[in-house]
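Structure file entry.txt (compact mmCIF, N, CA and C atoms) is printed below.
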```txt
# COMPACT_ATOMS: atom_id res chain seq x y z
N MET A 1 49.35 -10.41 16.08
CA MET A 1 49.04 -9.69 14.87
C MET A 1 48.07 -10.49 13.99
N GLU A 2 48.32 -11.79 13.90
CA GLU A 2 47.44 -12.63 13.08
C GLU A 2 46.02 -12.66 13.63
N VAL A 3 45.89 -12.64 14.94
CA VAL A 3 44.57 -12.65 15.57
C VAL A 3 43.83 -11.35 15.25
N MET A 4 44.52 -10.24 15.28
CA MET A 4 43.90 -8.94 14.96
C MET A 4 43.43 -8.91 13.51
N ILE A 5 44.19 -9.45 12.60
CA ILE A 5 43.80 -9.49 11.19
C ILE A 5 42.59 -10.41 11.02
N ALA A 6 42.59 -11.54 11.71
CA ALA A 6 41.45 -12.46 11.63
C ALA A 6 40.18 -11.80 12.18
N ILE A 7 40.30 -11.08 13.28
CA ILE A 7 39.14 -10.38 13.86
C ILE A 7 38.65 -9.30 12.91
N ALA A 8 39.54 -8.57 12.25
CA ALA A 8 39.14 -7.53 11.30
C ALA A 8 38.40 -8.14 10.11
N ILE A 9 38.89 -9.26 9.61
CA ILE A 9 38.22 -9.93 8.49
C ILE A 9 36.84 -10.43 8.93
N LEU A 10 36.77 -10.98 10.12
CA LEU A 10 35.49 -11.46 10.65
C LEU A 10 34.51 -10.30 10.84
N ALA A 11 34.97 -9.17 11.32
CA ALA A 11 34.12 -8.00 11.51
C ALA A 11 33.56 -7.51 10.18
N ILE A 12 34.38 -7.47 9.16
CA ILE A 12 33.93 -7.03 7.83
C ILE A 12 32.88 -8.00 7.30
N ALA A 13 33.11 -9.28 7.48
CA ALA A 13 32.14 -10.28 7.00
C ALA A 13 30.82 -10.17 7.76
N LEU A 14 30.87 -9.96 9.06
CA LEU A 14 29.64 -9.84 9.85
C LEU A 14 28.84 -8.59 9.49
N VAL A 15 29.51 -7.50 9.19
CA VAL A 15 28.81 -6.29 8.76
C VAL A 15 28.05 -6.57 7.47
N ALA A 16 28.64 -7.26 6.55
CA ALA A 16 27.96 -7.59 5.29
C ALA A 16 26.75 -8.49 5.54
N VAL A 17 26.90 -9.46 6.43
CA VAL A 17 25.79 -10.37 6.75
C VAL A 17 24.65 -9.60 7.41
N TYR A 18 24.95 -8.73 8.36
CA TYR A 18 23.90 -7.97 9.04
C TYR A 18 23.19 -7.01 8.09
N LYS A 19 23.93 -6.41 7.18
CA LYS A 19 23.31 -5.52 6.19
C LYS A 19 22.37 -6.30 5.29
N SER A 20 22.80 -7.47 4.87
CA SER A 20 21.95 -8.32 4.03
C SER A 20 20.68 -8.72 4.77
N GLN A 21 20.79 -9.06 6.03
CA GLN A 21 19.64 -9.43 6.84
C GLN A 21 18.67 -8.26 6.99
N SER A 22 19.19 -7.08 7.20
CA SER A 22 18.35 -5.89 7.34
C SER A 22 17.59 -5.60 6.05
N GLN A 23 18.26 -5.73 4.92
CA GLN A 23 17.59 -5.52 3.63
C GLN A 23 16.52 -6.57 3.40
N SER A 24 16.77 -7.79 3.80
CA SER A 24 15.81 -8.87 3.64
C SER A 24 14.55 -8.60 4.46
N VAL A 25 14.71 -8.13 5.68
CA VAL A 25 13.55 -7.80 6.52
C VAL A 25 12.76 -6.66 5.91
N ALA A 26 13.43 -5.62 5.43
CA ALA A 26 12.74 -4.48 4.82
C ALA A 26 11.98 -4.90 3.57
N MET A 27 12.57 -5.75 2.75
CA MET A 27 11.89 -6.22 1.54
C MET A 27 10.69 -7.09 1.89
N SER A 28 10.79 -7.87 2.95
CA SER A 28 9.68 -8.71 3.39
C SER A 28 8.51 -7.85 3.88
N ILE A 29 8.80 -6.81 4.64
CA ILE A 29 7.76 -5.89 5.12
C ILE A 29 7.09 -5.20 3.95
N ASN A 30 7.86 -4.75 2.98
CA ASN A 30 7.29 -4.07 1.81
C ASN A 30 6.43 -5.03 0.99
N ALA A 31 6.88 -6.26 0.82
CA ALA A 31 6.10 -7.25 0.06
C ALA A 31 4.78 -7.56 0.76
N ARG A 32 4.81 -7.68 2.08
CA ARG A 32 3.59 -7.94 2.84
C ARG A 32 2.62 -6.77 2.69
N PHE A 33 3.14 -5.53 2.77
CA PHE A 33 2.28 -4.36 2.61
C PHE A 33 1.64 -4.33 1.22
N LEU A 34 2.44 -4.55 0.18
CA LEU A 34 1.90 -4.49 -1.17
C LEU A 34 0.85 -5.58 -1.41
N THR A 35 1.08 -6.75 -0.88
CA THR A 35 0.10 -7.83 -1.04
C THR A 35 -1.20 -7.52 -0.32
N THR A 36 -1.10 -7.14 0.93
CA THR A 36 -2.30 -6.87 1.74
C THR A 36 -3.05 -5.66 1.22
N SER A 37 -2.34 -4.57 0.96
CA SER A 37 -3.03 -3.35 0.53
C SER A 37 -3.68 -3.51 -0.84
N SER A 38 -3.05 -4.25 -1.74
CA SER A 38 -3.67 -4.43 -3.06
C SER A 38 -4.94 -5.28 -2.96
N LEU A 39 -4.93 -6.30 -2.12
CA LEU A 39 -6.13 -7.13 -1.94
C LEU A 39 -7.24 -6.33 -1.26
N LEU A 40 -6.91 -5.53 -0.26
CA LEU A 40 -7.91 -4.70 0.40
C LEU A 40 -8.47 -3.65 -0.55
N ALA A 41 -7.60 -3.07 -1.38
CA ALA A 41 -8.05 -2.07 -2.35
C ALA A 41 -8.98 -2.70 -3.38
N GLN A 42 -8.65 -3.88 -3.85
CA GLN A 42 -9.52 -4.56 -4.82
C GLN A 42 -10.88 -4.89 -4.20
N MET A 43 -10.87 -5.29 -2.94
CA MET A 43 -12.13 -5.60 -2.26
C MET A 43 -13.00 -4.35 -2.13
N LYS A 44 -12.41 -3.26 -1.70
CA LYS A 44 -13.17 -2.01 -1.53
C LYS A 44 -13.61 -1.46 -2.88
N MET A 45 -12.76 -1.56 -3.88
CA MET A 45 -13.11 -1.05 -5.20
C MET A 45 -14.23 -1.87 -5.82
N ALA A 46 -14.30 -3.15 -5.53
CA ALA A 46 -15.41 -3.97 -6.02
C ALA A 46 -16.73 -3.49 -5.41
N GLU A 47 -16.70 -3.11 -4.13
CA GLU A 47 -17.90 -2.54 -3.50
C GLU A 47 -18.31 -1.25 -4.19
N ILE A 48 -17.33 -0.42 -4.47
CA ILE A 48 -17.62 0.88 -5.11
C ILE A 48 -18.12 0.66 -6.53
N ASP A 49 -17.52 -0.27 -7.24
CA ASP A 49 -17.91 -0.52 -8.63
C ASP A 49 -19.34 -1.07 -8.73
N SER A 50 -19.81 -1.72 -7.68
CA SER A 50 -21.16 -2.26 -7.72
C SER A 50 -22.23 -1.16 -7.57
N LEU A 51 -21.81 0.04 -7.16
CA LEU A 51 -22.75 1.15 -7.00
C LEU A 51 -22.94 1.89 -8.31
N ASN A 52 -24.05 2.57 -8.44
CA ASN A 52 -24.28 3.49 -9.54
C ASN A 52 -23.32 4.67 -9.37
N ALA A 53 -22.87 5.25 -10.45
CA ALA A 53 -21.90 6.35 -10.37
C ALA A 53 -22.44 7.52 -9.56
N ASN A 54 -23.73 7.75 -9.59
CA ASN A 54 -24.31 8.85 -8.82
C ASN A 54 -24.39 8.55 -7.33
N GLU A 55 -24.29 7.29 -6.94
CA GLU A 55 -24.36 6.90 -5.54
C GLU A 55 -23.00 6.94 -4.85
N ILE A 56 -21.93 7.00 -5.60
CA ILE A 56 -20.59 6.98 -5.03
C ILE A 56 -20.29 8.33 -4.41
N ALA A 57 -19.81 8.31 -3.17
CA ALA A 57 -19.48 9.55 -2.48
C ALA A 57 -18.06 9.47 -1.93
N GLU A 58 -17.44 10.62 -1.79
CA GLU A 58 -16.12 10.65 -1.17
C GLU A 58 -16.25 10.27 0.30
N GLY A 59 -15.24 9.67 0.82
CA GLY A 59 -15.28 9.29 2.22
C GLY A 59 -14.01 8.59 2.64
N GLN A 60 -14.02 8.13 3.86
CA GLN A 60 -12.87 7.42 4.39
C GLN A 60 -13.33 6.47 5.48
N GLY A 61 -12.48 5.52 5.79
CA GLY A 61 -12.83 4.54 6.81
C GLY A 61 -11.67 3.59 7.03
N ASN A 62 -11.97 2.49 7.72
CA ASN A 62 -10.95 1.48 7.96
C ASN A 62 -11.50 0.12 7.59
N PHE A 63 -10.69 -0.88 7.75
CA PHE A 63 -11.08 -2.23 7.36
C PHE A 63 -11.46 -3.09 8.56
N GLY A 64 -11.76 -2.46 9.68
CA GLY A 64 -12.25 -3.18 10.85
C GLY A 64 -11.16 -3.87 11.64
N ASP A 65 -11.61 -4.77 12.50
CA ASP A 65 -10.68 -5.47 13.40
C ASP A 65 -9.76 -6.45 12.68
N SER A 66 -10.15 -6.89 11.50
CA SER A 66 -9.31 -7.84 10.77
C SER A 66 -8.01 -7.19 10.29
N PHE A 67 -8.08 -5.92 9.92
CA PHE A 67 -6.91 -5.19 9.43
C PHE A 67 -6.87 -3.81 10.11
N PRO A 68 -6.54 -3.77 11.40
CA PRO A 68 -6.62 -2.51 12.15
C PRO A 68 -5.60 -1.45 11.71
N ASP A 69 -4.54 -1.86 11.05
CA ASP A 69 -3.49 -0.91 10.65
C ASP A 69 -3.75 -0.28 9.29
N TYR A 70 -4.85 -0.65 8.63
CA TYR A 70 -5.12 -0.17 7.29
C TYR A 70 -6.36 0.71 7.28
N ALA A 71 -6.27 1.80 6.53
CA ALA A 71 -7.40 2.72 6.35
C ALA A 71 -7.55 3.01 4.87
N TRP A 72 -8.74 3.47 4.47
CA TRP A 72 -8.98 3.79 3.07
C TRP A 72 -9.59 5.18 2.95
N ARG A 73 -9.42 5.77 1.77
CA ARG A 73 -9.99 7.09 1.46
C ARG A 73 -10.39 7.08 -0.01
N VAL A 74 -11.58 7.59 -0.30
CA VAL A 74 -12.08 7.67 -1.68
C VAL A 74 -12.15 9.13 -2.10
N LYS A 75 -11.58 9.41 -3.27
CA LYS A 75 -11.68 10.74 -3.87
C LYS A 75 -12.35 10.60 -5.23
N ILE A 76 -13.23 11.52 -5.56
CA ILE A 76 -13.93 11.51 -6.84
C ILE A 76 -13.61 12.80 -7.56
N SER A 77 -13.29 12.67 -8.84
CA SER A 77 -13.00 13.87 -9.64
C SER A 77 -13.57 13.70 -11.04
N ASN A 78 -13.75 14.82 -11.70
CA ASN A 78 -14.24 14.82 -13.08
C ASN A 78 -13.10 14.51 -14.03
N THR A 79 -13.46 14.08 -15.21
CA THR A 79 -12.47 13.81 -16.25
C THR A 79 -12.75 14.75 -17.43
N ASP A 80 -11.92 14.66 -18.44
CA ASP A 80 -12.13 15.45 -19.65
C ASP A 80 -13.37 15.00 -20.40
N ILE A 81 -13.80 13.78 -20.16
CA ILE A 81 -15.01 13.25 -20.79
C ILE A 81 -16.16 13.45 -19.80
N ASP A 82 -17.19 14.14 -20.22
CA ASP A 82 -18.28 14.51 -19.31
C ASP A 82 -19.00 13.33 -18.70
N LEU A 83 -19.03 12.20 -19.37
CA LEU A 83 -19.80 11.07 -18.88
C LEU A 83 -18.97 10.09 -18.03
N LEU A 84 -17.77 10.50 -17.67
CA LEU A 84 -16.91 9.64 -16.84
C LEU A 84 -16.50 10.37 -15.56
N ARG A 85 -16.45 9.62 -14.48
CA ARG A 85 -15.93 10.11 -13.21
C ARG A 85 -14.73 9.26 -12.84
N LYS A 86 -13.73 9.91 -12.29
CA LYS A 86 -12.53 9.21 -11.83
C LYS A 86 -12.67 8.97 -10.33
N VAL A 87 -12.65 7.70 -9.94
CA VAL A 87 -12.75 7.31 -8.54
C VAL A 87 -11.38 6.79 -8.12
N THR A 88 -10.77 7.48 -7.16
CA THR A 88 -9.46 7.10 -6.67
C THR A 88 -9.60 6.55 -5.27
N LEU A 89 -9.10 5.35 -5.06
CA LEU A 89 -9.12 4.72 -3.74
C LEU A 89 -7.68 4.63 -3.24
N ILE A 90 -7.45 5.16 -2.06
CA ILE A 90 -6.12 5.15 -1.47
C ILE A 90 -6.18 4.31 -0.20
N VAL A 91 -5.33 3.31 -0.12
CA VAL A 91 -5.21 2.47 1.07
C VAL A 91 -3.89 2.83 1.75
N VAL A 92 -3.97 3.06 3.07
CA VAL A 92 -2.81 3.50 3.82
C VAL A 92 -2.58 2.56 5.00
N ASN A 93 -1.33 2.21 5.22
CA ASN A 93 -0.96 1.49 6.44
C ASN A 93 -0.53 2.55 7.45
N THR A 94 -1.28 2.68 8.52
CA THR A 94 -1.05 3.76 9.48
C THR A 94 0.17 3.52 10.37
N ARG A 95 0.68 2.30 10.43
CA ARG A 95 1.84 2.01 11.27
C ARG A 95 3.16 2.25 10.53
N MET A 96 3.14 2.19 9.23
CA MET A 96 4.37 2.40 8.46
C MET A 96 4.58 3.90 8.27
N VAL A 97 5.83 4.33 8.23
CA VAL A 97 6.13 5.75 8.08
C VAL A 97 6.54 6.12 6.66
N ALA A 98 7.01 5.17 5.88
CA ALA A 98 7.43 5.44 4.51
C ALA A 98 6.87 4.37 3.60
N ASN A 99 6.59 4.75 2.37
CA ASN A 99 6.04 3.81 1.37
C ASN A 99 4.82 3.08 1.93
N ASN A 100 3.88 3.85 2.48
CA ASN A 100 2.75 3.25 3.17
C ASN A 100 1.41 3.47 2.47
N THR A 101 1.42 3.88 1.20
CA THR A 101 0.17 4.12 0.49
C THR A 101 0.11 3.27 -0.77
N PHE A 102 -1.11 2.85 -1.08
CA PHE A 102 -1.38 2.10 -2.30
C PHE A 102 -2.61 2.74 -2.93
N GLU A 103 -2.54 3.04 -4.21
CA GLU A 103 -3.61 3.76 -4.89
C GLU A 103 -4.12 2.96 -6.08
N ILE A 104 -5.44 2.95 -6.23
CA ILE A 104 -6.07 2.28 -7.36
C ILE A 104 -7.13 3.23 -7.91
N VAL A 105 -7.28 3.24 -9.24
CA VAL A 105 -8.18 4.18 -9.90
C VAL A 105 -9.22 3.42 -10.71
N LEU A 106 -10.45 3.91 -10.67
CA LEU A 106 -11.55 3.36 -11.44
C LEU A 106 -12.21 4.50 -12.19
N TYR A 107 -12.48 4.31 -13.47
CA TYR A 107 -13.23 5.28 -14.24
C TYR A 107 -14.65 4.75 -14.36
N LYS A 108 -15.59 5.47 -13.80
CA LYS A 108 -16.98 5.01 -13.70
C LYS A 108 -17.84 5.84 -14.64
N PRO A 109 -18.56 5.20 -15.57
CA PRO A 109 -19.44 5.96 -16.48
C PRO A 109 -20.71 6.41 -15.76
N LEU A 110 -21.17 7.59 -16.10
CA LEU A 110 -22.43 8.10 -15.58
C LEU A 110 -23.55 7.56 -16.44
N LEU A 111 -24.53 6.95 -15.83
CA LEU A 111 -25.68 6.43 -16.57
C LEU A 111 -26.76 7.50 -16.57
N GLN A 112 -27.39 7.64 -17.72
CA GLN A 112 -28.43 8.67 -17.81
C GLN A 112 -29.79 8.07 -17.89
```

Output the file's structure as structure tokens, nothing else.
Amino acid sequence: MEVMIAIAILAIALVAVYKSQSQSVAMSINARFLTTSSLLAQMKMAEIDSLNANEIAEGQGNFGDSFPDYAWRVKISNTDIDLLRKVTLIVVNTRMVANNTFEIVLYKPLLQ
């Protein structure tokens, strides 16, 4: 009887340890995604920001062989202010199934 109680206590403790390990791995994956996608988004947005507002076009692409699991998409929309355009850059990790997008927005003035 004592052995069965000891095994039950050990089983409960191991379940808690395995759950903690699983959460740790998930948090590590999410942190890696947020770090990588934010740096890639800043890099791409710097390229876009260096262009004239009239030269910016909607499009999509990837980050090459260095980051094969990441893709980007640019959307452009008007704002309530006629001289501003909203440029939205979305970075997606194509291998992840949930929480796999990172979005950054730039408001670009139209030069006349």

All residues 12 Å or closer to Arg85 (chain A), only C-alpha atoms, same chain fewer than 2 positions away omitted, as a VMD selection string: chain A and resid 49 52 to 57 75 to 83 87 to 88 105 to 111

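The two atoms in question, CA of Ala11 (chain A) and atom N of Val25 (chain A), are spaced 20.3 Å apart.
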
Who sits within 6.5 Å of region 93-98 of chain A, all atoms listed in the file, same chain under 6 positions skipped, as a ChimeraX atom specification: /A:69-71

Among the residues A:Leu89, A:Asn62, A:Gln23, A:Glu2, the one that comes closest to Val74 (chain A) [using all atoms listed in the file]: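 Using all atoms listed in the file, the shortest distance to Val74 (chain A) belongs to A:Leu89.
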
Check region 49-94 of chain A with DSSP on the backbone and list each residue it calls strand (DSSP E), as an mmCIF file with N, CA and C atoms, keeping the file's coordinate frame.
```cif
data_model
loop_
_atom_site.group_PDB
_atom_site.id
_atom_site.type_symbol
_atom_site.label_atom_id
_atom_site.label_comp_id
_atom_site.auth_asym_id
_atom_site.auth_seq_id
_atom_site.Cartn_x
_atom_site.Cartn_y
_atom_site.Cartn_z
ATOM 1 N N GLY A 59 -15.240 9.670 0.820
ATOM 2 C CA GLY A 59 -15.280 9.290 2.220
ATOM 3 C C GLY A 59 -14.010 8.590 2.640
ATOM 4 N N GLN A 60 -14.020 8.130 3.860
ATOM 5 C CA GLN A 60 -12.870 7.420 4.390
ATOM 6 C C GLN A 60 -13.330 6.470 5.480
ATOM 7 N N GLY A 61 -12.480 5.520 5.790
ATOM 8 C CA GLY A 61 -12.830 4.540 6.810
ATOM 9 C C GLY A 61 -11.670 3.590 7.030
ATOM 10 N N ASN A 62 -11.970 2.490 7.720
ATOM 11 C CA ASN A 62 -10.950 1.480 7.960
ATOM 12 C C ASN A 62 -11.500 0.120 7.590
ATOM 13 N N TYR A 70 -4.850 -0.650 8.630
ATOM 14 C CA TYR A 70 -5.120 -0.170 7.290
ATOM 15 C C TYR A 70 -6.360 0.710 7.280
ATOM 16 N N ALA A 71 -6.270 1.800 6.530
ATOM 17 C CA ALA A 71 -7.400 2.720 6.350
ATOM 18 C C ALA A 71 -7.550 3.010 4.870
ATOM 19 N N TRP A 72 -8.740 3.470 4.470
ATOM 20 C CA TRP A 72 -8.980 3.790 3.070
ATOM 21 C C TRP A 72 -9.590 5.180 2.950
ATOM 22 N N ARG A 73 -9.420 5.770 1.770
ATOM 23 C CA ARG A 73 -9.990 7.090 1.460
ATOM 24 C C ARG A 73 -10.390 7.080 -0.010
ATOM 25 N N VAL A 74 -11.580 7.590 -0.300
ATOM 26 C CA VAL A 74 -12.080 7.670 -1.680
ATOM 27 C C VAL A 74 -12.150 9.130 -2.100
ATOM 28 N N LYS A 75 -11.580 9.410 -3.270
ATOM 29 C CA LYS A 75 -11.680 10.740 -3.870
ATOM 30 C C LYS A 75 -12.350 10.600 -5.230
ATOM 31 N N ILE A 76 -13.230 11.520 -5.560
ATOM 32 C CA ILE A 76 -13.930 11.510 -6.840
ATOM 33 C C ILE A 76 -13.610 12.800 -7.560
ATOM 34 N N SER A 77 -13.290 12.670 -8.840
ATOM 35 C CA SER A 77 -13.000 13.870 -9.640
ATOM 36 C C SER A 77 -13.570 13.700 -11.040
ATOM 37 N N ASN A 78 -13.750 14.820 -11.700
ATOM 38 C CA ASN A 78 -14.240 14.820 -13.080
ATOM 39 C C ASN A 78 -13.100 14.510 -14.030
ATOM 40 N N LEU A 84 -17.770 10.500 -17.670
ATOM 41 C CA LEU A 84 -16.910 9.640 -16.840
ATOM 42 C C LEU A 84 -16.500 10.370 -15.560
ATOM 43 N N ARG A 85 -16.450 9.620 -14.480
ATOM 44 C CA ARG A 85 -15.930 10.110 -13.210
ATOM 45 C C ARG A 85 -14.730 9.260 -12.840
ATOM 46 N N LYS A 86 -13.730 9.910 -12.290
ATOM 47 C CA LYS A 86 -12.530 9.210 -11.830
ATOM 48 C C LYS A 86 -12.670 8.970 -10.330
ATOM 49 N N VAL A 87 -12.650 7.700 -9.940
ATOM 50 C CA VAL A 87 -12.750 7.310 -8.540
ATOM 51 C C VAL A 87 -11.380 6.790 -8.120
ATOM 52 N N THR A 88 -10.770 7.480 -7.160
ATOM 53 C CA THR A 88 -9.460 7.100 -6.670
ATOM 54 C C THR A 88 -9.600 6.550 -5.270
ATOM 55 N N LEU A 89 -9.100 5.350 -5.060
ATOM 56 C CA LEU A 89 -9.120 4.720 -3.740
ATOM 57 C C LEU A 89 -7.680 4.630 -3.240
ATOM 58 N N ILE A 90 -7.450 5.160 -2.060
ATOM 59 C CA ILE A 90 -6.120 5.150 -1.470
ATOM 60 C C ILE A 90 -6.180 4.310 -0.200
ATOM 61 N N VAL A 91 -5.330 3.310 -0.120
ATOM 62 C CA VAL A 91 -5.210 2.470 1.070
ATOM 63 C C VAL A 91 -3.890 2.830 1.750
ATOM 64 N N VAL A 92 -3.970 3.060 3.070
ATOM 65 C CA VAL A 92 -2.810 3.500 3.820
ATOM 66 C C VAL A 92 -2.580 2.560 5.000
ATOM 67 N N ASN A 93 -1.330 2.210 5.220
ATOM 68 C CA ASN A 93 -0.960 1.490 6.440
ATOM 69 C C ASN A 93 -0.530 2.550 7.450
#
```

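When all atoms listed in the file are used to measure the gap to Leu40 (chain A), the shortest distance among A:Val91, A:Thr101, A:Ser28, A:Ile5 belongs to A:Val91.
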
Atomic separation - atom N of Lys86 (chain A) relative to CA of Thr36 (chain A), Å: 24.7 Å

For atom N of Trp72 (chain A) and CA of Leu34 (chain A), the interatomic separation in Å (one decimal):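 Taking atom N of Trp72 (chain A) and CA of Leu34 (chain A), their separation equals 14.4 Å.
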
DSSP-assigned helix (DSSP H, G or I) among region 16-108 of chain A, expressed as number ranges by chain: A: 16-49, 53-55

Residue nearest Ile90 (chain A) among A:Ala8, A:Leu51, A:Ala41, A:Ser24 (counting all atoms listed in the file): A:Ala41

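Taking only C-alpha atoms into account, Ala26 (chain A) lies nearest to A:Asn99 out of the set A:Ala13, A:Asn99, A:Arg73, A:Ser66.
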